[in-house]
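These notes are about the structure you will find just below.
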Amino acid sequence: MSLEIKRLIFDVLSQKEPVNGPAALRKIKGLIDRHACDLDAVRSFFLSPETHIGNYDGLPVTVRLSLEECADFYLKEKNLFSTPLLKKIGRGGIFKAGSKIIKSGWILKEKWSSSFLGKAFISVGRSTIFGCNRLSTLYLDAIRVNIFYKAPLLLWLIRYTKADASYLILDYIKNIPTHPHHSPVFKLPGINTIAGAMIGIDLLPSDNKLYFIECNSNPGHSTSRHFLFEEGDVVCNHLVNWAVEKGYSRIVFYPSNFGPSFDKEFEDAWQEISGSKNIELKIIDDPYIGSPCNREYNRFFDYARPDTLIVNGRYLWGPFSSFIGMKGRFDEEIKIHNSKAEQNDRIPIPRKIDLDSPVSLDHLTEDFPNMIIKNIHMDQAKGISLYRADKVPEFAKSREYVVYEFVKPDLIRKDGSIEQFVHIFRCYLLITPFGPVYLGCRKDVSGIPIKKELPFGKIEEIAPYITNICIPEDYSVPHSPDENEKCRKTSLTLGRIMYQNLIEKHDMTAQFRFQKKQGV
């Protein structure tokens with residue numbers, strides 16, 4: 001059957017031009033009948049393409065190009081701009097009106113102290129934006145059945161078989177063209193403008209080593225970071241210095257689209273730092289989140305001006321953000337790196353626990369859990385459970401969770417206290433088209449001491465063992481030069497792993513390779 005699936009897929013990919021829905025349906029039915037493939041077998045291809053057609057790098061050039069074009073179109077559809085009208089419905093006048101309503105709501109809340117009315121405006125604005133997304137999706141579903149909407153034949157096969165294409169797009173296909181509307185990292189030749197992805201990394205000190213805990217592509221920012229050092233916020237200083245070094249006269253920053261807005265006090269601090277180096281700084285808020293600050297709202301990147309460094313701190317659905325943000329995926333690449341690296345260049349990571357085997361209690365102590373369970377889609381200390389147990393709880397055996405051995409952290413004592421506290425380092429990277437750039441770190445300390453002993457089973461109070469600045473009691477302190485150097489070395493090693501995935505997965509110079517053909 002695998003040989004027949006391979007022949008079917010190669011025949012589908014041999015269709016050079018995009019086709020409309022009715023024509024695609026006739027072709028697909030004919031090809032499936034010709035190769036005598038049932039739908040379950042076809043669906044299995046999308047879950048494990050290497051099993052059916054082999055390693056991606058070994059495919060014929062024409063097959064790879066067809067797959068790249070399919071992935072490019074898939075990402076455009078996912079981000080609702082595969083046609084000009086679809087983009088207009090999803091991001092046009094109604095969307096902008098919703099954004100303005102949200103902005104009015106923030107003004108009512110902050111300047112006129114009308115909390116109820118402000119919240120009502122924000123709610124209406126967000127409902128409007130949500131409605132635009134929903135309307136775009138319905139419109140896309142509607143136009144797929146007419147003769148004017150054309151897409152690669154492989155995409156029609158995905159829809160006809162109702163297959164899950166996420167592995168094919170996110171993991172298997174390489175060399176996907178970057179595009180300013182869906183790529184966190186890209187470069188625009190000829191005008192010296194690039195976009196880089198800001199990444200937040202958590203490193204846990206344990207036994208004088210720094211363990212990689214997790215990372216995300218939409219890191220939050222706390223004003224307290226600015227007051228840790230005399231020179232001001234380390235992240236902004238690193239960004240500005242790198243921009244000066246590379247000849248960029250302008251930084252456009254897009255803060256996180258998942259959390260609180262980038263506040264005015266922090267913006268003023270960034271403006272002061274950038275202004276001291278003659279760098280123009282512009283901060284653009286996410287339209288759905290909004291902000292009490294008088295700033296531009298925009299979903300898309302401002303990439304038209306030359307000599308600009310675009311700093312993307314938002315989550316954008318796609319291969320790179322999924323690779324960074326989905327718990328467990330990046331760990332596997334670290335393991336591959338460690339298997340090839342010298343001892344002093346390896347990155348310690350928590351051991352994954354076998355879901356069906358007994359959990360070892362050999363190193364269990366009275367004051368720490370032995371198991372940490374994470375929801376693969378959640379950040380900011382959400383979706384985490386801690387256990388002292390000899391087996392994995394049943395709920396954690398689903399695909400939504402990963403289970404790790406809890407790493408016993410190095411502890412610190414505060415002045416005059418006998419209590420002990422957990423701490424971590426939150427590090428920042430900028431992944432650019434040229435490689436990773438270190439943006440500094442901060443040292444976060446738990447505000448709640450560890451318990452002297454814990455019960456067996458689920459740990460109800462996780463705050464003493466999970467340091468996160470989103471927890472009200474936790475706070476940041478200055479790090480030492482030695483701690484910063486260790487964080488810098490570890491972060492850049494992790495950044496090189498991320499960058500290697502990026503350049504394998506994306507064609508950084510081909511932003512508009514398929515644009516003319518698709519009319520967007």
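Chain labels run A, B, ... following the order of the structure tokens; each chain numbers its residues from 1, and ligands are numbered from 1 in the order shown.
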Can you build me a table of segment 167-279 of chain A residues sitting at most 10 Å from segment 369-388 of chain A, with the closest atom pair per residue and its distance in Å to one decimal, using only C-alpha atoms, sorted by chain and residue number, as CSV?
residue,atom,partner,partner_atom,distance
A:Glu214,CA,A:Asp379,CA,9.0
A:Cys215,CA,A:Asp379,CA,8.7
A:Asn216,CA,A:Asp379,CA,7.5
A:Asn218,CA,A:Asp379,CA,9.4
A:Pro219,CA,A:Gln380,CA,9.0
A:Gly220,CA,A:Gln380,CA,8.8
A:Phe258,CA,A:Asp379,CA,9.7
A:Gly259,CA,A:Gln380,CA,9.3
Wanna dump the segment 97-198 of chain A-segment 67-70 of chain A contacts at 8 Å for me, each residue with its shortest atom pair and the distance in Å to one decimal, counting only C-alpha atoms, ordered by chain and number, as a Markdown table?
| residue | atom | partner | partner_atom | distance |
| --- | --- | --- | --- | --- |
| A:Pro152 | CA | A:Cys70 | CA | 5.8 |
| A:Leu154 | CA | A:Cys70 | CA | 6.8 |
| A:Leu155 | CA | A:Cys70 | CA | 6.7 |
| A:Ile173 | CA | A:Glu68 | CA | 6.6 |
| A:Lys174 | CA | A:Glu68 | CA | 6.9 |
| A:Asn175 | CA | A:Glu68 | CA | 6.5 |
| A:Ile176 | CA | A:Glu68 | CA | 5.2 |
| A:Pro177 | CA | A:Glu68 | CA | 7.5 |
Legend entry - DSSP helix (DSSP H, G or I) residues within segment 57-266 of chain A, as an NGL selection string: :A and (57-58 or 61-78 or 84-91 or 93-110 or 115-143 or 153-161 or 166-172 or 223-227 or 234-246 or 264-266)
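Restricting the calculation to only C-alpha atoms, the smallest distance between Thr128 of chain A and any of A:Leu210, A:Tyr288, A:Arg442, A:Gly200 is found for A:Tyr288.
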Inset, instruction - Measure the distance from atom CA of Ile334 of chain A to atom CA of Lys352 of chain A in Å and round it to one decimal. - result: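 Those two atoms sit 12.8 Å apart.
For the residues A:Tyr465, A:Phe320, A:Phe227, A:Trp112, ranking by smallest atom-to-atom distance to Gly447 of chain A using only C-alpha atoms places A:Tyr465 first.
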Inset, instruction - Within 12 Å of Tyr475 of chain A, counting only C-alpha atoms, which residues show up once you throw out same-chain ones fewer than 2 positions away? Write them as a list in words, please. - result: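 So, after excluding close chain neighbours, the residues are Ser222, Thr223, Ser224, Arg225, Phe227, Leu228, Phe421, Val422, His423, Ile424, Phe425, Arg426, Arg442, Lys443, Asp444, Val445, Ser446, Gly447, Ile448, Thr467, Asn468, Ile469, Cys470, Ile471, Pro472, Glu473, Val477 and Pro478 of chain A.
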Inset, instruction - Could you give me, as a list of chain:residue names, the residues within 10 Å of segment 46-62 of chain A, counting only C-alpha atoms and dropping anything in the same chain fewer than 4 positions from it? - result: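 Skipping anything fewer than 4 positions along the chain leaves A:Met1, A:Ser2, A:Leu3, A:Glu4, A:Ile5, A:Lys6, A:Arg7, A:Ile9, A:Phe10, A:Leu13, A:Ser14, A:Lys16, A:Ala41, A:Val42, A:Ser66, A:Leu67, A:Glu68, A:Ile158, A:Ala163, A:Asp164, A:Ala165, A:Ser166, A:Tyr167, A:Leu168, A:Ile169, A:Tyr172, A:Ile173, A:Lys174.
Put simply, atom CA of Cys427 of chain A is 9.5 Å away from atom CA of Thr490 of chain A.
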Legend entry - atom CA of Val359 of chain A to atom CA of Ile347 of chain A, straight-line distance in Å: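 If I compute the distance from atom CA of Ile347 of chain A to atom CA of Val359 of chain A, I get 23.6 Å.
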Inset, instruction - Excluding Lys452 of chain A and residues on its chain fewer than 6 positions from it, collect all residues at most 9 Å away from it, counting only C-alpha atoms, and give them as number ranges by chain. - result: A: 366-368
Save out the residues we just selected, N, CA and C atoms, as a compact mmCIF listing (two decimals), in the first residue's frame.
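Writing the result to result29.txt gives the following:
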# COMPACT_ATOMS: atom_id res chain seq x y z
N GLU A 366 11.73 14.75 50.98
CA GLU A 366 10.50 15.18 51.62
C GLU A 366 10.06 16.58 51.19
N ASP A 367 11.00 17.37 50.67
CA ASP A 367 10.68 18.78 50.41
C ASP A 367 10.47 19.13 48.94
N PHE A 368 10.51 18.14 48.04
CA PHE A 368 10.33 18.44 46.62
C PHE A 368 9.44 17.41 45.94
Legend entry - Residue among A:Pro464, A:Val392, A:Pro18, A:Pro350 lying closest to Tyr211 of chain A, counting only C-alpha atoms: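 Residue with the minimum atom-to-atom distance to Tyr211 of chain A: A:Pro350.
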Legend entry - Which of segment 313-481 of chain A fall in strand (DSSP E), as a PyMOL selection string: chain A and resi 371-375+384-388+401-405+411-413+420-432+435-445+457-459+475-477
Legend entry - Counting only C-alpha atoms, the residue of A:Phe45, A:Leu140, A:Phe73, A:Ser217 that sits nearest Leu86 of chain A: A:Leu140
Would you pick out the contacts of Gln271 of chain A at 12 Å or less, using only C-alpha atoms, so that residues sharing its chain but fewer than 6 positions from it are not included, and give the list as a compact mmCIF listing (two decimals) with N, CA and C atoms, in the first residue's frame?
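Dumped everything to part.txt:
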# COMPACT_ATOMS: atom_id res chain seq x y z
N GLY A 232 19.76 50.77 32.89
CA GLY A 232 18.39 50.56 32.43
C GLY A 232 18.15 49.14 31.93
N ASP A 233 17.05 48.96 31.25
CA ASP A 233 16.62 47.63 30.82
C ASP A 233 17.66 46.95 29.93
N CYS A 236 16.44 46.17 26.15
CA CYS A 236 16.45 47.33 25.27
C CYS A 236 17.88 47.75 24.93
N ASN A 237 18.76 47.74 25.93
CA ASN A 237 20.16 48.12 25.69
C ASN A 237 20.82 47.19 24.67
N VAL A 240 19.27 47.95 21.12
CA VAL A 240 19.75 49.21 20.55
C VAL A 240 21.21 49.10 20.13
N ARG A 250 16.25 52.47 12.96
CA ARG A 250 14.86 52.42 13.44
C ARG A 250 14.55 51.02 13.97
N ILE A 251 13.89 50.97 15.13
CA ILE A 251 13.41 49.71 15.70
C ILE A 251 11.89 49.79 15.81
N VAL A 252 11.21 48.79 15.27
CA VAL A 252 9.75 48.69 15.42
C VAL A 252 9.47 47.42 16.22
N PHE A 253 8.89 47.59 17.40
CA PHE A 253 8.70 46.49 18.33
C PHE A 253 7.22 46.13 18.44
N LYS A 264 3.23 52.20 29.62
CA LYS A 264 3.77 53.50 29.22
C LYS A 264 5.09 53.81 29.92
N GLU A 265 5.20 53.45 31.19
CA GLU A 265 6.44 53.70 31.92
C GLU A 265 7.61 52.97 31.28
N LYS A 277 21.04 56.77 21.59
CA LYS A 277 21.88 56.24 20.51
C LYS A 277 21.35 56.67 19.14
N ASN A 278 20.45 57.67 19.13
CA ASN A 278 19.86 58.18 17.89
C ASN A 278 19.13 57.10 17.09
N ILE A 279 18.48 56.20 17.80
CA ILE A 279 17.65 55.16 17.18
C ILE A 279 16.18 55.52 17.38
N GLU A 280 15.44 55.58 16.27
CA GLU A 280 14.01 55.81 16.36
C GLU A 280 13.32 54.53 16.83
N LEU A 281 12.46 54.65 17.84
CA LEU A 281 11.76 53.49 18.38
C LEU A 281 10.25 53.66 18.21
N LYS A 282 9.61 52.63 17.68
CA LYS A 282 8.16 52.63 17.52
C LYS A 282 7.61 51.32 18.09
N ILE A 283 6.61 51.42 18.95
CA ILE A 283 5.98 50.24 19.53
C ILE A 283 4.55 50.14 19.00
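With distances restricted to only C-alpha atoms, A:Tyr248 is the closest residue to Arg305 of chain A from A:Phe266, A:Tyr404, A:Tyr248, A:Tyr438.
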Inset, instruction - Extract, using only C-alpha atoms, all DNA, RNA and protein residues at most 12 Å from Arg134 of chain A, discarding same-chain residues fewer than 5 positions from it, and format them as a PyMOL selection string. - result: chain A and resi 80+86+89-91+95+127-129+139-141
Can I get the residues of segment 348-459 of chain A within 6 Å of segment 192-198 of chain A, each with the closest pair of atoms and their distance in Å to one decimal, using only C-alpha atoms, sorted chain first then ascending number, as a Markdown table?
| residue | atom | partner | partner_atom | distance |
| --- | --- | --- | --- | --- |
| A:Leu429 | CA | A:Met198 | CA | 5.7 |
| A:Leu430 | CA | A:Met198 | CA | 4.6 |
| A:Ile431 | CA | A:Ala197 | CA | 5.1 |
| A:Thr432 | CA | A:Gly196 | CA | 4.4 |
Inset, instruction - Pick out the closest residue to Phe330 of chain A from this set: A:Ser99, A:Asn501, A:Ser82, A:Gln15. Count only C-alpha atoms. - result: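 Checking each candidate against Phe330 of chain A, we get A:Asn501 as the closest.
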